[in-house]
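Peer 1: This is the structure, below, for whatever I ask next.
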Amino acid sequence: MVELEEITKDYSIGGRPFRVLKGITLQVNAGEMVAVMGASGSGKSTLLHIIGLLDQPSSGVYRLEGREVHRLSRKERAYVRNQKIGFVFQQFNLLPRATVLQNVELPLLYAGVPATRRRERAFFLLERMGLKDFAHHRPVQLSGGQQQRVAIARALVNQPVLLLADEPTGQLDSRTGLEVMALFQELHQEMGVTIILVTHDQTISRFCQRIVYLQDGLIRGEGKVTEPRRAKEELAATQRSGEE
Ligand SMILES: Nc1ncnc2c1ncn2[C@@H]1O[C@H](COP(=O)(O)OP(=O)(O)O)[C@@H](O)[C@H]1O
Ligand SMILES: [Mg+2]
């Protein structure tokens, strides 16, 4: 699904080049759920933005489903992103003036999907996220966990093959974070969508099948999680202990 070869990214700071990614080689197969772990400043967001075609590498090769995408124009990147990739941010990044429904419909609007079909598809996802009753609310009227679920609905509305999430639980309390992780795990199992999730939190990374460790712009190692945590079961367990 994702093949990166020797990807670098330079920023210029005060006219001097500053290398944030120093040669990242990584493969993620279709259907995998992978965590990218690393301290703050290690380059996780930069890497995820490149994978998500929100940004371009300075050098290296990036193949998405076998197609080279590292040299695409901004417009071509936007097109491929719209067709293939869903992105979830730590800060939700919802449009504050638009309704929940309009937020979820937005990628379909860009894709040129007719209004009736847009509405149908957005409602379907809002229902799946347990948010149907909030369709005509503004994002600010929702809790953090609900807003993140709206963002996840928006990320999925185009049926992407790749779902990317940058610290998706970073703004949430631990219980709400657990709910969001349960959702990711369900989507991964039910829809077979490939997920790459960035986190600095070791406990969150253990919900994934594989962990890639990033340090100072380089991959320092990786490991398979033999028994990933199961968010749904952990949630059920906390509910039971709460009722006792
Ligand atoms: N647009 C930018 N311009 C200059 N430096 C940047 C830019 N974006 C990120 N950086 C720098 O790149 C490094 C890695 O940042 P980032 O990818 O956000 O790390 P992480 O997500 O792991 O915290 C940091 O030192 C950061 O200051
Ligand atoms: Mg970051």
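Naming scheme: A, B, ... for chains in displayed order of the structure tokens; residues 1 onward per chain; ligands 1 onward as shown.
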Output as a PyMOL selection string all residues of region 60-142 of chain A that backbone DSSP marks as strand (DSSP E or B).

Peer 2: chain A and resi 60-64+67-68+85-88

Peer 1: Using only C-alpha atoms and all ligand atoms, which protein or nucleic acid residues are at most 7 Å from ligand 1, as JSON, numbers by chain?

Peer 2: {"A": [11, 12, 13, 20, 38, 39, 40, 41, 42, 43, 44, 45, 46, 47]}

Peer 1: For region 149-155 of chain A, find every residue with an atom within 8 Å (counting only C-alpha atoms), except residues of its own chain fewer than 4 positions away, and show them as a list in words.

Peer 2: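 Listing them by chain and then by number gives Ile85, Gly86, Phe87, Val88, Phe89, Phe92, Asn93, Leu94, Val100, Asn103, Val104, Glu105, Leu106, Pro107, Ala122, Leu125, Leu126, Met129, Leu131, Gly145, Pro160, Leu163 and Val180 of chain A.
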
Peer 1: Near Met1 (chain A), within 12 Å and counting only C-alpha atoms, which residues show up once chain neighbours fewer than 2 positions away are dropped, as a list in words?

Peer 2: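 The filter keeps Glu3, Leu4, Leu26, Gln27, Val28, Asn29, Ala30, Gly31, Glu32, Met33, Ile51, Tyr62, Arg63, Leu64, Glu65, Gly66, Arg67, Glu68, Lys84, Ile85, Pro160, Val161, Leu162, Leu163, Val193, Thr194, Ile195 and Ile196 of chain A.
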
Peer 1: So that I have them on file, write out the residues from the current selection with N, CA and C atoms, as a compact mmCIF listing (two decimals), in the first residue's frame.

Peer 2:
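Resulting contents of again29.txt:
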# COMPACT_ATOMS: atom_id res chain seq x y z
N GLU A 3 4.87 2.51 0.15
CA GLU A 3 6.29 2.17 0.08
C GLU A 3 7.10 3.46 0.08
N LEU A 4 7.91 3.62 1.12
CA LEU A 4 8.78 4.78 1.20
C LEU A 4 10.22 4.31 1.07
N LEU A 26 10.25 2.56 4.55
CA LEU A 26 9.17 1.91 5.30
C LEU A 26 8.15 1.35 4.33
N GLN A 27 7.63 0.18 4.67
CA GLN A 27 6.53 -0.39 3.88
C GLN A 27 5.36 -0.67 4.81
N VAL A 28 4.19 -0.32 4.35
CA VAL A 28 2.98 -0.69 5.08
C VAL A 28 2.08 -1.44 4.11
N ASN A 29 1.71 -2.64 4.47
CA ASN A 29 0.89 -3.48 3.59
C ASN A 29 -0.59 -3.16 3.73
N ALA A 30 -1.33 -3.48 2.69
CA ALA A 30 -2.78 -3.29 2.72
C ALA A 30 -3.36 -4.08 3.88
N GLY A 31 -4.24 -3.45 4.63
CA GLY A 31 -4.92 -4.12 5.73
C GLY A 31 -4.18 -4.07 7.06
N GLU A 32 -2.99 -3.47 7.07
CA GLU A 32 -2.25 -3.38 8.34
C GLU A 32 -2.75 -2.24 9.20
N MET A 33 -2.51 -2.34 10.50
CA MET A 33 -2.75 -1.22 11.41
C MET A 33 -1.43 -0.97 12.15
N ILE A 51 3.11 11.06 3.85
CA ILE A 51 2.33 9.87 3.48
C ILE A 51 0.93 10.28 3.03
N TYR A 62 8.24 7.69 -3.03
CA TYR A 62 7.02 7.28 -2.34
C TYR A 62 6.09 6.66 -3.37
N ARG A 63 5.75 5.39 -3.15
CA ARG A 63 4.75 4.72 -3.98
C ARG A 63 3.51 4.42 -3.15
N LEU A 64 2.37 4.84 -3.68
CA LEU A 64 1.08 4.55 -3.05
C LEU A 64 0.34 3.60 -3.98
N GLU A 65 0.02 2.43 -3.49
CA GLU A 65 -0.58 1.37 -4.33
C GLU A 65 0.22 1.20 -5.62
N GLY A 66 1.53 1.22 -5.50
CA GLY A 66 2.40 0.95 -6.63
C GLY A 66 2.68 2.13 -7.55
N ARG A 67 1.98 3.24 -7.29
CA ARG A 67 2.16 4.40 -8.16
C ARG A 67 3.05 5.45 -7.49
N GLU A 68 4.03 5.95 -8.24
CA GLU A 68 4.92 6.97 -7.68
C GLU A 68 4.15 8.28 -7.48
N LYS A 84 -8.11 8.58 -2.18
CA LYS A 84 -7.46 7.42 -1.54
C LYS A 84 -7.26 7.53 -0.03
N ILE A 85 -7.22 8.77 0.49
CA ILE A 85 -6.69 8.94 1.84
C ILE A 85 -7.67 9.70 2.73
N PRO A 160 -11.78 5.77 1.71
CA PRO A 160 -10.34 5.75 1.40
C PRO A 160 -9.74 4.36 1.62
N VAL A 161 -8.64 4.09 0.94
CA VAL A 161 -7.92 2.83 1.18
C VAL A 161 -6.97 2.98 2.36
N LEU A 162 -6.66 4.23 2.68
CA LEU A 162 -5.66 4.50 3.71
C LEU A 162 -6.19 5.55 4.68
N LEU A 163 -6.18 5.20 5.97
CA LEU A 163 -6.65 6.13 7.00
C LEU A 163 -5.45 6.52 7.86
N VAL A 193 -9.74 -1.29 6.20
CA VAL A 193 -8.97 -0.11 5.82
C VAL A 193 -7.58 -0.17 6.48
N THR A 194 -6.58 0.23 5.73
CA THR A 194 -5.21 0.30 6.25
C THR A 194 -5.08 1.54 7.13
N ILE A 195 -4.52 1.37 8.32
CA ILE A 195 -4.44 2.51 9.24
C ILE A 195 -2.99 2.75 9.66
N ILE A 196 -2.57 4.00 9.58
CA ILE A 196 -1.28 4.42 10.16
C ILE A 196 -1.59 5.51 11.16

Peer 1: So that I can check the secondary structure, give me every residue of region 5-89 of chain A assigned alpha helix (DSSP H) by backbone DSSP, as a ChimeraX atom specification.

Peer 2: /A:44-51,74-84

Peer 1: Print the selection's residues with N, CA, C and O atoms to a file, as a short mmCIF file (atom, residue, chain, number, x, y, z; two decimals), in the first residue's frame.

Peer 2:
data_model
loop_
_atom_site.label_atom_id
_atom_site.label_comp_id
_atom_site.auth_asym_id
_atom_site.auth_seq_id
_atom_site.Cartn_x
_atom_site.Cartn_y
_atom_site.Cartn_z
N LYS A 44 7.34 12.79 13.40
CA LYS A 44 6.16 11.95 13.13
C LYS A 44 5.14 12.66 12.24
O LYS A 44 4.66 12.09 11.26
N SER A 45 4.80 13.90 12.61
CA SER A 45 3.79 14.62 11.83
C SER A 45 4.29 14.90 10.42
O SER A 45 3.53 14.77 9.45
N THR A 46 5.56 15.28 10.32
CA THR A 46 6.14 15.53 8.99
C THR A 46 6.01 14.28 8.13
O THR A 46 5.60 14.36 6.96
N LEU A 47 6.34 13.14 8.69
CA LEU A 47 6.26 11.88 7.95
C LEU A 47 4.81 11.58 7.55
O LEU A 47 4.53 11.21 6.40
N LEU A 48 3.88 11.75 8.49
CA LEU A 48 2.48 11.44 8.19
C LEU A 48 1.91 12.39 7.13
O LEU A 48 1.13 11.97 6.28
N HIS A 49 2.34 13.64 7.18
CA HIS A 49 1.88 14.60 6.17
C HIS A 49 2.39 14.21 4.78
O HIS A 49 1.68 14.39 3.79
N ILE A 50 3.60 13.68 4.71
CA ILE A 50 4.12 13.23 3.42
C ILE A 50 3.34 12.01 2.95
O ILE A 50 2.90 11.94 1.79
N ILE A 51 3.11 11.06 3.85
CA ILE A 51 2.33 9.87 3.48
C ILE A 51 0.93 10.28 3.03
O ILE A 51 0.37 9.73 2.09
N ARG A 74 0.76 19.91 -6.78
CA ARG A 74 -0.17 20.15 -5.67
C ARG A 74 -1.59 19.69 -6.02
O ARG A 74 -2.29 19.06 -5.24
N LYS A 75 -1.99 20.00 -7.25
CA LYS A 75 -3.33 19.66 -7.71
C LYS A 75 -3.53 18.15 -7.83
O LYS A 75 -4.55 17.60 -7.42
N GLU A 76 -2.50 17.49 -8.39
CA GLU A 76 -2.58 16.03 -8.52
C GLU A 76 -2.58 15.37 -7.14
O GLU A 76 -3.31 14.40 -6.91
N ARG A 77 -1.79 15.91 -6.24
CA ARG A 77 -1.76 15.38 -4.86
C ARG A 77 -3.13 15.50 -4.22
O ARG A 77 -3.62 14.58 -3.59
N ALA A 78 -3.75 16.66 -4.41
CA ALA A 78 -5.07 16.88 -3.82
C ALA A 78 -6.08 15.87 -4.37
O ALA A 78 -6.93 15.36 -3.63
N TYR A 79 -5.95 15.56 -5.65
CA TYR A 79 -6.87 14.61 -6.27
C TYR A 79 -6.68 13.20 -5.68
O TYR A 79 -7.64 12.55 -5.26
N VAL A 80 -5.42 12.76 -5.64
CA VAL A 80 -5.14 11.41 -5.12
C VAL A 80 -5.55 11.33 -3.64
O VAL A 80 -6.15 10.35 -3.20
N ARG A 81 -5.28 12.39 -2.91
CA ARG A 81 -5.64 12.43 -1.48
C ARG A 81 -7.15 12.28 -1.32
O ARG A 81 -7.63 11.49 -0.52
N ASN A 82 -7.87 13.01 -2.12
CA ASN A 82 -9.34 12.96 -2.05
C ASN A 82 -9.87 11.56 -2.37
O ASN A 82 -10.85 11.11 -1.79
N GLN A 83 -9.22 10.87 -3.29
CA GLN A 83 -9.71 9.55 -3.72
C GLN A 83 -9.27 8.42 -2.80
O GLN A 83 -9.96 7.42 -2.69
N LYS A 84 -8.11 8.58 -2.18
CA LYS A 84 -7.46 7.42 -1.54
C LYS A 84 -7.26 7.53 -0.03
O LYS A 84 -7.06 6.51 0.63
#

Peer 1: Give the answer as one residue: which of A:Met191, A:Leu183, A:Ala165, A:Leu54 has the shortest atom-to-atom distance to Ala35 (chain A), using only C-alpha atoms?

Peer 2: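 Of all the options, A:Ala165 lies closest to Ala35 (chain A).
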
Peer 1: Rank nothing, just name the residue among A:Gly221, A:Gly15, A:Pro57, A:Pro168 nearest to ligand 2, using only C-alpha atoms and all ligand atoms.

Peer 2: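 Closest to ligand 2 of all the choices is A:Pro168.
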
Peer 1: When you draw a straight line from CA of Asp216 (chain A) to CA of Asp10 (chain A), how long is it in Å?

Peer 2: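 Rounded to one decimal, the two atoms are 12.9 Å apart.
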
Peer 1: Find the residues near Ser143 (chain A): any atom within 12 Å, counting only C-alpha atoms, skip ones fewer than 3 places away on the same chain, and give them as a PyMOL selection string.

Peer 2: chain A and resi 92+131+134+137-140+146-150+171-173+176

Peer 1: Pick from A:Asp201, A:Glu6, A:Glu127, A:Glu233: nearest to ligand 2, with only C-alpha atoms and all ligand atoms counted?

Peer 2: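 Closest residue, counting only C-alpha atoms and all ligand atoms: A:Asp201.
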
Peer 1: Residues within 6 Å of Cys208 (chain A), please, as a list in words. Count only C-alpha atoms; anything in the same chain fewer than 2 positions from it doesn't count.

Peer 2: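 Residues meeting the cut-off are Met33, Val34, Ala35, Ser205, Arg206, Arg210 and Pro228 of chain A.
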
Peer 1: Counting only C-alpha atoms and all ligand atoms, which of A:Ala111, A:Asp133, A:Ser73, A:Val36 gets nearest to ligand 2?

Peer 2: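 Counting only C-alpha atoms and all ligand atoms, the residue closest to ligand 2 is A:Val36.
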
Peer 1: One decimal, Å: what's the distance from CA of Arg121 (chain A) over to CA of Gly52 (chain A), could you say?

Peer 2: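 One can read the CA of Arg121 (chain A) to CA of Gly52 (chain A) distance as 22.6 Å.
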
Peer 1: Could you check how far CA of His200 (chain A) sits from atom 1 (Mg, counted along the ligand's line) of ligand 2, in Å to one decimal?

Peer 2: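 For CA of His200 (chain A) relative to atom 1 (Mg, counted along the ligand's line) of ligand 2, the distance reads 8.5 Å.
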